[in-house]
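Source file: start_12.csv (CSV, C-alpha atoms)
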chain,number,residue,atom,x,y,z
A,1,MET,CA,0.0,0.0,0.0
A,2,ASN,CA,1.3,3.5,-0.9
A,3,PHE,CA,1.0,5.9,1.9
A,4,GLY,CA,2.7,8.8,0.0
A,5,PHE,CA,1.3,11.5,-2.1
A,6,THR,CA,1.1,11.3,-5.9
A,7,GLU,CA,3.4,13.2,-8.2
A,8,GLU,CA,0.5,15.5,-9.1
A,9,GLN,CA,-0.2,16.2,-5.4
A,10,ASN,CA,3.5,17.0,-4.7
A,11,LEU,CA,3.5,19.3,-7.7
A,12,LEU,CA,0.4,21.0,-6.4
A,13,ARG,CA,2.1,21.5,-3.0
A,14,ASP,CA,5.2,23.0,-4.6
A,15,GLN,CA,3.0,25.4,-6.6
A,16,VAL,CA,1.2,26.7,-3.6
A,17,GLU,CA,4.4,27.1,-1.6
A,18,ARG,CA,6.0,29.0,-4.4
A,19,PHE,CA,3.0,31.2,-4.7
A,20,MET,CA,3.2,32.0,-1.0
A,21,GLN,CA,6.9,32.8,-1.2
A,22,ASP,CA,6.7,34.9,-4.4
A,23,SER,CA,3.2,36.5,-4.4
A,24,CYS,CA,2.2,36.5,-0.8
A,25,PRO,CA,5.2,36.6,1.5
A,26,ILE,CA,4.8,37.3,5.2
A,27,THR,CA,5.3,41.0,4.6
A,28,ARG,CA,2.3,41.0,2.3
A,29,VAL,CA,0.3,38.8,4.7
A,30,ARG,CA,0.8,41.5,7.4
A,31,GLU,CA,-0.4,44.2,5.0
A,32,ILE,CA,-3.5,42.3,4.0
A,33,SER,CA,-4.4,41.3,7.5
A,34,ASP,CA,-3.9,44.9,8.8
A,35,ALA,CA,-6.2,46.2,6.0
A,36,GLY,CA,-9.0,43.8,6.7
A,37,GLY,CA,-7.9,40.4,5.4
A,38,PHE,CA,-8.6,40.3,1.7
A,39,ASP,CA,-6.8,41.0,-1.5
A,40,ALA,CA,-8.9,40.8,-4.7
A,41,ASP,CA,-5.9,40.5,-7.0
A,42,LEU,CA,-4.4,37.5,-5.1
A,43,TRP,CA,-7.9,36.0,-5.0
A,44,LYS,CA,-8.2,36.3,-8.8
A,45,GLN,CA,-4.8,34.6,-9.2
A,46,ILE,CA,-5.6,31.6,-7.1
A,47,GLY,CA,-9.0,31.3,-8.8
A,48,GLU,CA,-7.2,31.1,-12.2
A,49,LEU,CA,-4.8,28.5,-10.8
A,50,GLY,CA,-7.9,26.3,-10.0
A,51,TRP,CA,-7.4,26.1,-6.2
A,52,LEU,CA,-10.9,27.4,-5.4
A,53,GLY,CA,-12.5,24.6,-7.4
A,54,LEU,CA,-10.7,21.6,-6.2
A,55,LEU,CA,-13.7,19.9,-4.7
A,56,ILE,CA,-16.2,21.0,-7.3
A,57,PRO,CA,-17.1,18.5,-10.0
A,58,GLU,CA,-15.9,19.2,-13.5
A,59,ALA,CA,-19.5,19.5,-14.7
A,60,PHE,CA,-19.7,22.7,-12.6
A,61,GLY,CA,-16.4,24.2,-13.6
A,62,GLY,CA,-14.2,22.7,-10.9
A,63,LEU,CA,-11.4,20.1,-10.9
A,64,GLY,CA,-13.4,17.3,-9.3
A,65,LEU,CA,-10.6,16.3,-6.9
A,66,LYS,CA,-10.9,15.0,-3.3
A,67,TRP,CA,-10.5,16.4,0.2
A,68,ILE,CA,-7.0,15.0,0.5
A,69,ASP,CA,-6.0,17.3,-2.4
A,70,GLN,CA,-7.7,20.2,-0.5
A,71,VAL,CA,-5.6,19.3,2.5
A,72,VAL,CA,-2.5,19.6,0.5
A,73,VAL,CA,-3.4,23.1,-0.7
A,74,LEU,CA,-4.5,24.3,2.8
A,75,GLU,CA,-1.4,23.0,4.4
A,76,ALA,CA,0.9,24.5,1.9
A,77,ALA,CA,-0.9,27.9,2.1
A,78,ALA,CA,-0.7,27.9,5.9
A,79,THR,CA,3.1,27.6,5.8
A,80,GLY,CA,2.9,31.3,4.9
A,81,LEU,CA,-0.2,32.1,7.1
A,82,CYS,CA,-2.2,32.8,4.0
A,83,PRO,CA,-4.9,35.4,4.9
A,84,LEU,CA,-7.3,34.6,2.0
A,85,PRO,CA,-10.6,32.7,2.8
A,86,MET,CA,-9.6,29.5,1.0
A,87,ALA,CA,-10.9,27.3,3.8
A,88,SER,CA,-14.2,29.1,3.9
A,89,GLN,CA,-14.6,28.8,0.1
A,90,ALA,CA,-13.9,25.0,0.3
A,91,LEU,CA,-16.4,24.5,3.2
A,92,ALA,CA,-19.0,26.5,1.3
A,93,SER,CA,-18.4,24.3,-1.8
A,94,THR,CA,-18.8,21.2,0.4
A,95,ALA,CA,-22.0,22.6,1.9
A,96,ILE,CA,-23.6,23.2,-1.5
A,97,LEU,CA,-22.5,19.8,-2.8
A,98,THR,CA,-24.0,18.2,0.4
A,99,CYS,CA,-27.3,20.1,0.8
A,100,ALA,CA,-28.2,21.9,-2.4
A,101,ASN,CA,-30.5,20.7,-5.2
A,102,ASP,CA,-29.3,20.5,-8.8
A,103,ASP,CA,-30.5,24.0,-9.8
A,104,GLN,CA,-28.7,25.6,-6.8
A,105,LYS,CA,-25.5,23.7,-7.6
A,106,SER,CA,-25.7,24.9,-11.2
A,107,ASN,CA,-26.3,28.5,-10.2
A,108,TRP,CA,-23.7,28.7,-7.4
A,109,LEU,CA,-20.8,26.3,-7.9
A,110,PRO,CA,-19.4,27.7,-11.2
A,111,GLN,CA,-18.8,31.1,-9.7
A,112,LEU,CA,-17.2,29.5,-6.6
A,113,ALA,CA,-14.9,27.5,-8.8
A,114,ARG,CA,-13.8,30.5,-10.8
A,115,GLY,CA,-13.4,32.7,-7.7
A,116,GLU,CA,-15.9,35.2,-9.1
A,117,ALA,CA,-17.6,35.3,-5.7
A,118,VAL,CA,-16.4,34.7,-2.2
A,119,TYR,CA,-18.5,32.4,0.0
A,120,THR,CA,-18.3,31.5,3.6
A,121,LEU,CA,-20.1,29.1,6.0
A,122,GLY,CA,-21.5,29.8,9.5
A,123,LEU,CA,-22.8,26.9,11.5
A,124,TYR,CA,-23.1,27.2,15.3
A,125,ASP,CA,-24.2,30.2,17.5
A,126,ASP,CA,-22.5,29.1,20.7
A,127,ALA,CA,-18.7,29.3,20.9
A,128,ASN,CA,-18.4,26.2,23.0
A,129,TRP,CA,-21.3,24.0,21.9
A,130,ILE,CA,-21.3,21.7,18.8
A,131,ASP,CA,-24.9,20.4,18.6
A,132,PRO,CA,-27.9,21.1,16.4
A,133,ALA,CA,-29.5,22.8,19.5
A,134,ALA,CA,-26.6,25.3,19.4
A,135,ILE,CA,-28.1,26.8,16.2
A,136,THR,CA,-30.6,29.4,17.4
A,137,ALA,CA,-31.0,31.6,14.2
A,138,THR,CA,-34.3,30.9,12.5
A,139,ALA,CA,-36.1,30.9,9.1
A,140,LYS,CA,-39.9,31.2,9.2
A,141,ALA,CA,-42.2,30.8,6.2
A,142,SER,CA,-43.4,34.0,4.9
A,143,GLY,CA,-45.4,34.1,1.6
A,144,ASP,CA,-43.3,32.5,-1.1
A,145,GLY,CA,-40.1,32.7,0.9
A,146,TYR,CA,-38.7,32.9,4.4
A,147,VAL,CA,-38.0,35.6,6.9
A,148,LEU,CA,-34.8,35.1,9.0
A,149,GLY,CA,-34.2,35.9,12.6
A,150,GLY,CA,-31.4,35.9,15.1
A,151,LYS,CA,-27.7,36.5,14.9
A,152,LYS,CA,-24.7,34.4,13.8
A,153,PRO,CA,-22.0,35.6,16.2
A,154,PHE,CA,-18.9,33.7,14.9
A,155,VAL,CA,-18.7,33.7,11.1
A,156,ASN,CA,-15.2,33.4,9.6
A,157,ASP,CA,-14.4,35.7,6.7
A,158,ALA,CA,-17.9,37.2,6.8
A,159,GLY,CA,-16.5,40.7,6.0
A,160,SER,CA,-14.8,39.4,2.8
A,161,ALA,CA,-17.7,37.2,1.6
A,162,ASP,CA,-20.1,38.1,-1.1
A,163,TYR,CA,-22.5,35.3,0.0
A,164,LEU,CA,-22.9,33.6,3.3
A,165,LEU,CA,-24.4,30.1,4.0
A,166,LEU,CA,-25.8,30.3,7.5
A,167,ALA,CA,-27.3,27.5,9.5
A,168,VAL,CA,-30.8,28.1,10.8
A,169,GLN,CA,-33.7,26.3,12.4
A,170,GLY,CA,-36.2,26.2,9.5
A,171,PRO,CA,-39.9,25.3,9.4
A,172,ASN,CA,-39.0,21.7,8.7
A,173,GLY,CA,-35.8,21.4,10.7
A,174,LEU,CA,-32.2,22.4,10.1
A,175,ALA,CA,-31.3,24.3,7.0
A,176,LEU,CA,-28.7,26.6,5.4
A,177,ALA,CA,-29.9,30.1,4.4
A,178,ALA,CA,-28.0,31.7,1.5
A,179,VAL,CA,-27.8,35.4,1.9
A,180,ALA,CA,-25.9,38.1,0.1
A,181,LYS,CA,-23.6,40.5,2.1
A,182,ASP,CA,-25.7,43.5,1.3
A,183,GLU,CA,-28.8,41.8,2.8
A,184,VAL,CA,-27.4,41.4,6.3
A,185,ARG,CA,-25.7,43.5,8.9
A,186,ILE,CA,-22.1,42.4,9.3
A,187,THR,CA,-20.0,43.6,12.3
A,188,ALA,CA,-16.3,42.8,12.6
A,189,GLN,CA,-15.3,41.1,15.8
A,190,PRO,CA,-11.9,41.6,17.4
A,191,THR,CA,-9.7,38.5,17.1
A,192,MET,CA,-6.2,37.6,18.3
A,193,ASP,CA,-5.2,36.4,14.8
A,194,ASN,CA,-5.8,39.2,12.2
A,195,THR,CA,-5.1,36.7,9.3
A,196,LYS,CA,-8.4,35.0,10.3
A,197,PRO,CA,-11.0,37.7,10.5
A,198,MET,CA,-14.3,37.0,12.1
A,199,ALA,CA,-17.6,38.8,12.2
A,200,SER,CA,-21.1,38.6,13.6
A,201,VAL,CA,-24.0,38.6,11.2
A,202,ASP,CA,-27.4,40.0,12.1
A,203,LEU,CA,-30.2,38.2,10.3
A,204,GLU,CA,-33.2,39.9,12.0
A,205,ASP,CA,-36.1,40.5,9.5
A,206,VAL,CA,-34.0,39.5,6.4
A,207,GLN,CA,-36.2,38.0,3.7
A,208,ILE,CA,-35.0,35.4,1.2
A,209,GLY,CA,-36.7,33.4,-1.6
A,210,ALA,CA,-37.6,29.8,-1.3
A,211,ASP,CA,-34.7,28.9,-3.6
A,212,ARG,CA,-32.2,30.1,-1.1
A,213,LEU,CA,-33.0,27.8,1.8
A,214,LEU,CA,-31.1,24.5,1.7
A,215,PRO,CA,-32.6,21.7,3.9
A,216,MET,CA,-30.0,20.0,6.1
A,217,THR,CA,-30.1,16.9,8.3
A,218,ALA,CA,-28.2,16.6,11.6
A,219,GLY,CA,-26.0,14.1,9.9
A,220,GLN,CA,-25.1,16.6,7.2
A,221,LEU,CA,-24.4,19.2,9.8
A,222,TYR,CA,-22.0,17.0,11.6
A,223,HIS,CA,-20.3,16.1,8.2
A,224,LEU,CA,-19.8,19.8,7.5
A,225,THR,CA,-18.4,20.2,11.1
A,226,ASP,CA,-16.0,17.4,10.4
A,227,CYS,CA,-14.9,18.9,7.1
A,228,GLY,CA,-14.3,22.2,9.0
A,229,ALA,CA,-12.2,20.5,11.6
A,230,LEU,CA,-10.2,18.8,8.9
A,231,ALA,CA,-9.6,22.1,7.1
A,232,VAL,CA,-8.4,23.8,10.3
A,233,THR,CA,-6.2,20.8,11.1
A,234,ALA,CA,-4.6,21.0,7.7
A,235,GLU,CA,-3.8,24.6,8.3
A,236,MET,CA,-2.3,23.7,11.7
A,237,VAL,CA,0.0,21.2,9.9
A,238,GLY,CA,1.3,23.9,7.6
A,239,ALA,CA,1.7,26.6,10.2
A,240,GLY,CA,3.2,24.2,12.7
A,241,SER,CA,5.8,23.1,10.1
A,242,ALA,CA,6.7,26.7,9.4
A,243,MET,CA,7.0,27.5,13.1
A,244,LEU,CA,9.3,24.6,13.6
A,245,GLU,CA,11.5,25.6,10.6
A,246,LEU,CA,11.7,29.2,11.8
A,247,THR,CA,12.6,28.2,15.3
A,248,GLY,CA,15.2,25.6,14.2
A,249,GLU,CA,16.9,28.1,12.0
A,250,TYR,CA,17.0,30.6,14.8
A,251,ALA,CA,18.5,28.0,17.1
A,252,LYS,CA,21.3,27.5,14.6
A,253,GLN,CA,22.1,31.2,14.3
A,254,ARG,CA,21.6,32.5,17.8
A,255,VAL,CA,24.9,32.4,19.7
A,256,GLN,CA,25.0,32.3,23.5
A,257,PHE,CA,28.0,31.5,25.7
A,258,GLY,CA,30.1,31.0,22.6
A,259,LYS,CA,28.0,28.6,20.6
A,260,PRO,CA,24.6,28.3,18.9
A,261,ILE,CA,21.8,27.7,21.3
A,262,GLY,CA,20.7,24.7,19.2
A,263,GLN,CA,23.7,22.8,20.7
A,264,TYR,CA,22.2,22.9,24.2
A,265,GLN,CA,20.1,20.0,25.4
A,266,GLY,CA,17.4,22.2,26.8
A,267,VAL,CA,16.8,23.6,23.3
A,268,LYS,CA,17.3,20.4,21.4
A,269,HIS,CA,14.8,18.5,23.5
A,270,ARG,CA,12.1,21.1,23.0
A,271,LEU,CA,12.7,21.2,19.2
A,272,ALA,CA,12.5,17.3,19.2
A,273,ASP,CA,9.2,17.5,21.1
A,274,MET,CA,7.8,20.0,18.5
A,275,TYR,CA,8.9,17.7,15.7
A,276,VAL,CA,7.3,14.6,17.2
A,277,ASP,CA,4.0,16.4,17.9
A,278,LEU,CA,3.9,17.9,14.4
A,279,GLU,CA,4.6,14.6,12.6
A,280,SER,CA,2.0,12.9,14.8
A,281,TYR,CA,-0.9,15.2,14.0
A,282,ARG,CA,0.3,15.5,10.4
A,283,SER,CA,-0.2,11.8,9.9
A,284,LEU,CA,-3.6,11.8,11.6
A,285,CYS,CA,-4.6,14.8,9.4
A,286,TYR,CA,-3.6,13.0,6.2
A,287,PHE,CA,-5.6,9.9,7.2
A,288,ALA,CA,-8.7,12.0,8.0
A,289,GLY,CA,-8.3,13.7,4.6
A,290,TRP,CA,-8.3,10.3,2.9
A,291,CYS,CA,-11.3,9.2,4.9
A,292,ALA,CA,-13.4,12.2,3.8
A,293,ASP,CA,-13.9,10.7,0.4
A,294,ASP,CA,-12.6,7.1,0.5
A,295,ASP,CA,-13.9,5.9,3.9
A,296,PRO,CA,-16.6,8.4,5.0
A,297,LYS,CA,-17.8,6.1,7.8
A,298,GLU,CA,-14.4,6.5,9.5
A,299,LEU,CA,-14.2,10.3,9.0
A,300,ALA,CA,-15.7,11.3,12.4
A,301,ARG,CA,-13.3,9.2,14.4
A,302,ALA,CA,-10.3,10.1,12.2
A,303,VAL,CA,-10.9,13.8,12.2
A,304,SER,CA,-11.5,13.9,15.9
A,305,LEU,CA,-8.2,12.1,16.5
A,306,ALA,CA,-6.5,14.6,14.3
A,307,LYS,CA,-8.1,17.8,15.6
A,308,GLY,CA,-8.1,16.6,19.2
A,309,TYR,CA,-4.3,16.0,19.1
A,310,ALA,CA,-3.5,19.1,17.0
A,311,SER,CA,-5.5,21.5,19.0
A,312,ASP,CA,-3.2,21.1,22.0
A,313,ALA,CA,0.0,20.1,20.2
A,314,PHE,CA,0.0,23.1,17.8
A,315,ASN,CA,-0.7,25.4,20.7
A,316,GLN,CA,2.3,24.1,22.5
A,317,ILE,CA,4.4,24.4,19.3
A,318,GLY,CA,3.5,28.0,19.2
A,319,ILE,CA,4.3,28.6,22.8
A,320,ASP,CA,7.7,26.7,22.6
A,321,GLY,CA,8.5,28.4,19.3
A,322,VAL,CA,8.1,31.9,20.8
A,323,GLY,CA,9.8,30.8,24.0
A,324,LEU,CA,12.9,29.5,22.3
A,325,HIS,CA,13.3,32.8,20.5
A,326,GLY,CA,13.5,34.6,23.8
A,327,ALA,CA,12.4,38.2,24.1
A,328,ILE,CA,12.5,38.8,20.3
A,329,GLY,CA,9.8,36.2,19.8
A,330,PHE,CA,7.3,38.3,21.7
A,331,THR,CA,7.8,41.4,19.6
A,332,ALA,CA,5.2,42.4,17.0
A,333,GLU,CA,8.0,42.9,14.4
A,334,TYR,CA,9.1,39.3,14.5
A,335,ASP,CA,7.1,36.6,12.8
A,336,ALA,CA,7.1,33.9,15.5
A,337,GLN,CA,4.3,35.6,17.4
A,338,LEU,CA,2.1,35.4,14.3
A,339,PHE,CA,2.2,31.6,14.4
A,340,LEU,CA,1.4,31.5,18.1
A,341,LYS,CA,-1.7,33.7,17.4
A,342,ARG,CA,-2.7,31.3,14.6
A,343,SER,CA,-2.6,28.4,17.1
A,344,LYS,CA,-4.9,30.3,19.5
A,345,TRP,CA,-7.4,30.9,16.7
A,346,ALA,CA,-7.3,27.2,15.5
A,347,ARG,CA,-7.6,25.6,18.9
A,348,PRO,CA,-11.3,26.1,19.4
A,349,MET,CA,-12.5,26.1,15.8
A,350,PHE,CA,-14.9,23.3,15.0
A,351,GLY,CA,-14.3,21.7,18.4
A,352,ASP,CA,-11.4,21.9,20.8
A,353,SER,CA,-9.4,19.0,22.2
A,354,ASP,CA,-11.9,18.3,24.9
A,355,PHE,CA,-14.8,17.9,22.4
A,356,HIS,CA,-12.9,15.8,19.9
A,357,LEU,CA,-11.2,13.5,22.4
A,358,ASP,CA,-14.4,12.9,24.2
A,359,ARG,CA,-16.0,12.0,20.9
A,360,VAL,CA,-13.2,9.6,20.1
A,361,ALA,CA,-13.9,7.9,23.4
A,362,SER,CA,-17.6,7.8,22.7
A,363,LEU,CA,-17.1,6.4,19.2
A,364,GLY,CA,-14.9,3.8,20.8
A,365,GLY,CA,-17.7,2.7,23.1
A,366,LEU,CA,-16.4,4.3,26.3
Once more with this new file: its structure as structure tokens, please.
Amino acid sequence: MNFGFTEEQNLLRDQVERFMQDSCPITRVREISDAGGFDADLWKQIGELGWLGLLIPEAFGGLGLKWIDQVVVLEAAATGLCPLPMASQALASTAILTCANDDQKSNWLPQLARGEAVYTLGLYDDANWIDPAAITATAKASGDGYVLGGKKPFVNDAGSADYLLLAVQGPNGLALAAVAKDEVRITAQPTMDNTKPMASVDLEDVQIGADRLLPMTAGQLYHLTDCGALAVTAEMVGAGSAMLELTGEYAKQRVQFGKPIGQYQGVKHRLADMYVDLESYRSLCYFAGWCADDDPKELARAVSLAKGYASDAFNQIGIDGVGLHGAIGFTAEYDAQLFLKRSKWARPMFGDSDFHLDRVASLGGL
């Protein structure tokens, strides 16, 4: 059995990493995140490269690839802390493929694949509760359509999105309401990681047509949650790898007491721990990415193993990376603190370690 990536997947990884180095280096990432987290020119470029349509079937203008290919792209982009809403676009594509009818797919997926519109997905309304009951926004029948109510307080990339797919309690159960950005009131929320902007979305009294409500089962909701956790874990692999490389290079160059600090056991042991943790959740992430399409029944357990491990491990990698840099690691001018901030954003997204490890135990019969 071949556990490695194909030649095409490795070429895709190289292409994304070169793009981050050449077109979106960390200096540009800082500029974009300080300005609000979106660059239309870069978005157009990655749309032309096909990265926004990886999961979308060829019949709708995409490449028709699998989640493991999406993992490759998200991981490679996260090595440079890509501030573009690539994960949100992928999750919105997955939501439409999962819940939409044929007409909705035909209308929406081609523009997602080409990058002509930015989409995002908002599921739960409680920061620490993953359950259908945690969705409190509503959609009530009104004439030929629906009137929405409530607020979605934690929507990633809402400020950059043209369209938002938001989970609501509909007349017949769970559903996704598709709304345009000019139909709702979007309020930016302060976040630790400026490369991952978040906003609250006020849905009160917003009216939509019947063709913009997508029925959703509890099983589909959990599937989208698992895909979200997978996407975040893939980004933790890339960012963790970059943090380890940055710290390792610093340990080779920083001289203290006449020799590089990397020669001291106290530094070497912490770097070794970072490496072991990174490679552990990297492997778990790749397996979960494979399960998403090739063994869906195993996805819940696989993604909870990956996200449960990574949530704590990447956080520790961020802490140790900054700590090994010493005082300079805490300064805003140095890049190490950016990776620590990314770890703080990623830790609770789509379930923290407590949620996922509890779920692993539950799925295992404990």
Practice task
Name the residues in contact with A:Gln70 at a cut-off of 12 Å, using all atoms listed in the file, excluding same-chain residues fewer than 2 positions from it; report them as a ChimeraX atom specification.
Solution key: /A:9,12-13,16,50-56,63-68,72-77,86-91,93-94,227-228,230-235,285-286,288-290,292-293
Can you spit out the residues from that selection as a PDB file, keeping the file's coordinate frame, using C-alpha atoms?
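Result file selection.pdb:
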ATOM      1  CA  GLN A   9      -0.200  16.200  -5.400  1.00  0.00           C
ATOM      2  CA  LEU A  12       0.400  21.000  -6.400  1.00  0.00           C
ATOM      3  CA  ARG A  13       2.100  21.500  -3.000  1.00  0.00           C
ATOM      4  CA  VAL A  16       1.200  26.700  -3.600  1.00  0.00           C
ATOM      5  CA  GLY A  50      -7.900  26.300 -10.000  1.00  0.00           C
ATOM      6  CA  TRP A  51      -7.400  26.100  -6.200  1.00  0.00           C
ATOM      7  CA  LEU A  52     -10.900  27.400  -5.400  1.00  0.00           C
ATOM      8  CA  GLY A  53     -12.500  24.600  -7.400  1.00  0.00           C
ATOM      9  CA  LEU A  54     -10.700  21.600  -6.200  1.00  0.00           C
ATOM     10  CA  LEU A  55     -13.700  19.900  -4.700  1.00  0.00           C
ATOM     11  CA  ILE A  56     -16.200  21.000  -7.300  1.00  0.00           C
ATOM     12  CA  LEU A  63     -11.400  20.100 -10.900  1.00  0.00           C
ATOM     13  CA  GLY A  64     -13.400  17.300  -9.300  1.00  0.00           C
ATOM     14  CA  LEU A  65     -10.600  16.300  -6.900  1.00  0.00           C
ATOM     15  CA  LYS A  66     -10.900  15.000  -3.300  1.00  0.00           C
ATOM     16  CA  TRP A  67     -10.500  16.400   0.200  1.00  0.00           C
ATOM     17  CA  ILE A  68      -7.000  15.000   0.500  1.00  0.00           C
ATOM     18  CA  VAL A  72      -2.500  19.600   0.500  1.00  0.00           C
ATOM     19  CA  VAL A  73      -3.400  23.100  -0.700  1.00  0.00           C
ATOM     20  CA  LEU A  74      -4.500  24.300   2.800  1.00  0.00           C
ATOM     21  CA  GLU A  75      -1.400  23.000   4.400  1.00  0.00           C
ATOM     22  CA  ALA A  76       0.900  24.500   1.900  1.00  0.00           C
ATOM     23  CA  ALA A  77      -0.900  27.900   2.100  1.00  0.00           C
ATOM     24  CA  MET A  86      -9.600  29.500   1.000  1.00  0.00           C
ATOM     25  CA  ALA A  87     -10.900  27.300   3.800  1.00  0.00           C
ATOM     26  CA  SER A  88     -14.200  29.100   3.900  1.00  0.00           C
ATOM     27  CA  GLN A  89     -14.600  28.800   0.100  1.00  0.00           C
ATOM     28  CA  ALA A  90     -13.900  25.000   0.300  1.00  0.00           C
ATOM     29  CA  LEU A  91     -16.400  24.500   3.200  1.00  0.00           C
ATOM     30  CA  SER A  93     -18.400  24.300  -1.800  1.00  0.00           C
ATOM     31  CA  THR A  94     -18.800  21.200   0.400  1.00  0.00           C
ATOM     32  CA  CYS A 227     -14.900  18.900   7.100  1.00  0.00           C
ATOM     33  CA  GLY A 228     -14.300  22.200   9.000  1.00  0.00           C
ATOM     34  CA  LEU A 230     -10.200  18.800   8.900  1.00  0.00           C
ATOM     35  CA  ALA A 231      -9.600  22.100   7.100  1.00  0.00           C
ATOM     36  CA  VAL A 232      -8.400  23.800  10.300  1.00  0.00           C
ATOM     37  CA  THR A 233      -6.200  20.800  11.100  1.00  0.00           C
ATOM     38  CA  ALA A 234      -4.600  21.000   7.700  1.00  0.00           C
ATOM     39  CA  GLU A 235      -3.800  24.600   8.300  1.00  0.00           C
ATOM     40  CA  CYS A 285      -4.600  14.800   9.400  1.00  0.00           C
ATOM     41  CA  TYR A 286      -3.600  13.000   6.200  1.00  0.00           C
ATOM     42  CA  ALA A 288      -8.700  12.000   8.000  1.00  0.00           C
ATOM     43  CA  GLY A 289      -8.300  13.700   4.600  1.00  0.00           C
ATOM     44  CA  TRP A 290      -8.300  10.300   2.900  1.00  0.00           C
ATOM     45  CA  ALA A 292     -13.400  12.200   3.800  1.00  0.00           C
ATOM     46  CA  ASP A 293     -13.900  10.700   0.400  1.00  0.00           C
TER      47      ASP A 293
END
Exercise for the section: Would you list the residues near (-26.7, 21.8, 19.4) (no more than 12 Å away, in the coordinates of the file, using only C-alpha atoms) as a ChimeraX atom specification? Expected result: /A:123-137,167-169,174,218,221-222,225
Problem - d(atom CA of A:Thr195, atom CA of A:Phe19) in Å - result: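 Answer for the atom CA of A:Thr195 to atom CA of A:Phe19 separation: 17.1 Å.
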Practice task
Find the residue from A:Ala113, A:Leu324, A:Ala161, A:Ala300 that sits nearest to A:Arg254; use all atoms listed in the file when measuring.
Solution key: A:Leu324
Let me have the centre and edge lengths of the axis-aligned box enclosing all listed atoms of stretch 334-337 of chain A with 4 Å padding on every side, in Å to one decimal, as JSON.
{"center_x": 6.7, "center_y": 36.6, "center_z": 15.1, "size_x": 12.8, "size_y": 13.4, "size_z": 12.6}
Handout entry: Gap from atom CA of A:Ser200 to atom CA of A:Gly149 - Å, one decimal
Key =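 A separation of 13.4 Å between them.
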Exercise for the section: Tell me, as a PyMOL selection string, which residues lie within 7 Å of A:Leu340, counting all atoms listed in the file; anything in the same chain fewer than 2 positions away does not count. Expected result: chain A and resi 315+318-319+336-338+342-344
Residues just named, written with C-alpha atoms as a compact mmCIF listing (two decimals), in the coordinates of the input:
# COMPACT_ATOMS: atom_id res chain seq x y z
CA ASN A 315 -0.70 25.40 20.70
CA GLY A 318 3.50 28.00 19.20
CA ILE A 319 4.30 28.60 22.80
CA ALA A 336 7.10 33.90 15.50
CA GLN A 337 4.30 35.60 17.40
CA LEU A 338 2.10 35.40 14.30
CA ARG A 342 -2.70 31.30 14.60
CA SER A 343 -2.60 28.40 17.10
CA LYS A 344 -4.90 30.30 19.50
Handout entry: Contact residues around A:Asn194 with all atoms listed in the file at 10 Å, ignoring same-chain residues under 2 positions, as a ChimeraX atom specification
Key = /A:29-30,32-37,83,190-192,196-198,338,341-342,345
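Rounded to one decimal, atom CA of A:Leu81 and atom CA of A:Phe339 lie 7.7 Å from each other.
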Exercise for the section: Between A:Gln263, A:Ala210, A:Ala78, A:Asp226, single out the one closest to A:Ser241, counting all atoms listed in the file. Expected result: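 Checking each candidate against A:Ser241, we get A:Ala78 as the closest.
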Handout entry: Contacts of A:Tyr264 within 12 Å, all atoms listed in the file, excl. fewer than 5 positions in-chain, as a list in words
Key = Ala251, Lys252, Arg254, Val255, Gln256, Phe257, Gly258, Lys259, His269, Arg270, Leu271 and Leu324 of chain A
Write a file of the just-selected residues containing C-alpha atoms, as a short mmCIF file (atom, residue, chain, number, x, y, z; two decimals), keeping the file's coordinate frame.
data_model
loop_
_atom_site.label_atom_id
_atom_site.label_comp_id
_atom_site.auth_asym_id
_atom_site.auth_seq_id
_atom_site.Cartn_x
_atom_site.Cartn_y
_atom_site.Cartn_z
CA ALA A 251 18.50 28.00 17.10
CA LYS A 252 21.30 27.50 14.60
CA ARG A 254 21.60 32.50 17.80
CA VAL A 255 24.90 32.40 19.70
CA GLN A 256 25.00 32.30 23.50
CA PHE A 257 28.00 31.50 25.70
CA GLY A 258 30.10 31.00 22.60
CA LYS A 259 28.00 28.60 20.60
CA HIS A 269 14.80 18.50 23.50
CA ARG A 270 12.10 21.10 23.00
CA LEU A 271 12.70 21.20 19.20
CA LEU A 324 12.90 29.50 22.30
#
Handout entry: A:Pro296, A:Asp320, A:Phe355, A:Tyr163 ranked by distance to A:Ala272, top pick (using all atoms listed in the file)
Key =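 Ranked by minimum distance to A:Ala272, first place goes to A:Asp320.
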Exercise for the section: Determine, counting only C-alpha atoms, which protein, DNA and RNA residues have an atom within 10 Å of an atom of A:Gly159; residues of the same chain fewer than 2 positions away are not included. Present the result as a PyMOL selection string. Expected result: chain A and resi 36-38+120+155-157+161-162+164+181+186-189+197-201
Practice task
For each of A:Thr331, A:Pro171, A:Val71, A:Thr217, take the minimum atom-to-atom distance to A:Val237, counting only C-alpha atoms, then give the residue where this is smallest.
Solution key: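 Nearest candidate to A:Val237 out of A:Thr331, A:Pro171, A:Val71, A:Thr217: A:Val71.
Of the residues listed (A:Gly122, A:Gly209, A:Ile261, A:Ala100), A:Gly122 shows the shortest atom-to-atom separation from A:Met349; distances use all atoms listed in the file.
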Practice task
Find the residue from A:Asp335, A:Asp295, A:Asp358, A:Glu7 that sits nearest to A:Pro25; use only C-alpha atoms when measuring.
Solution key: A:Asp335
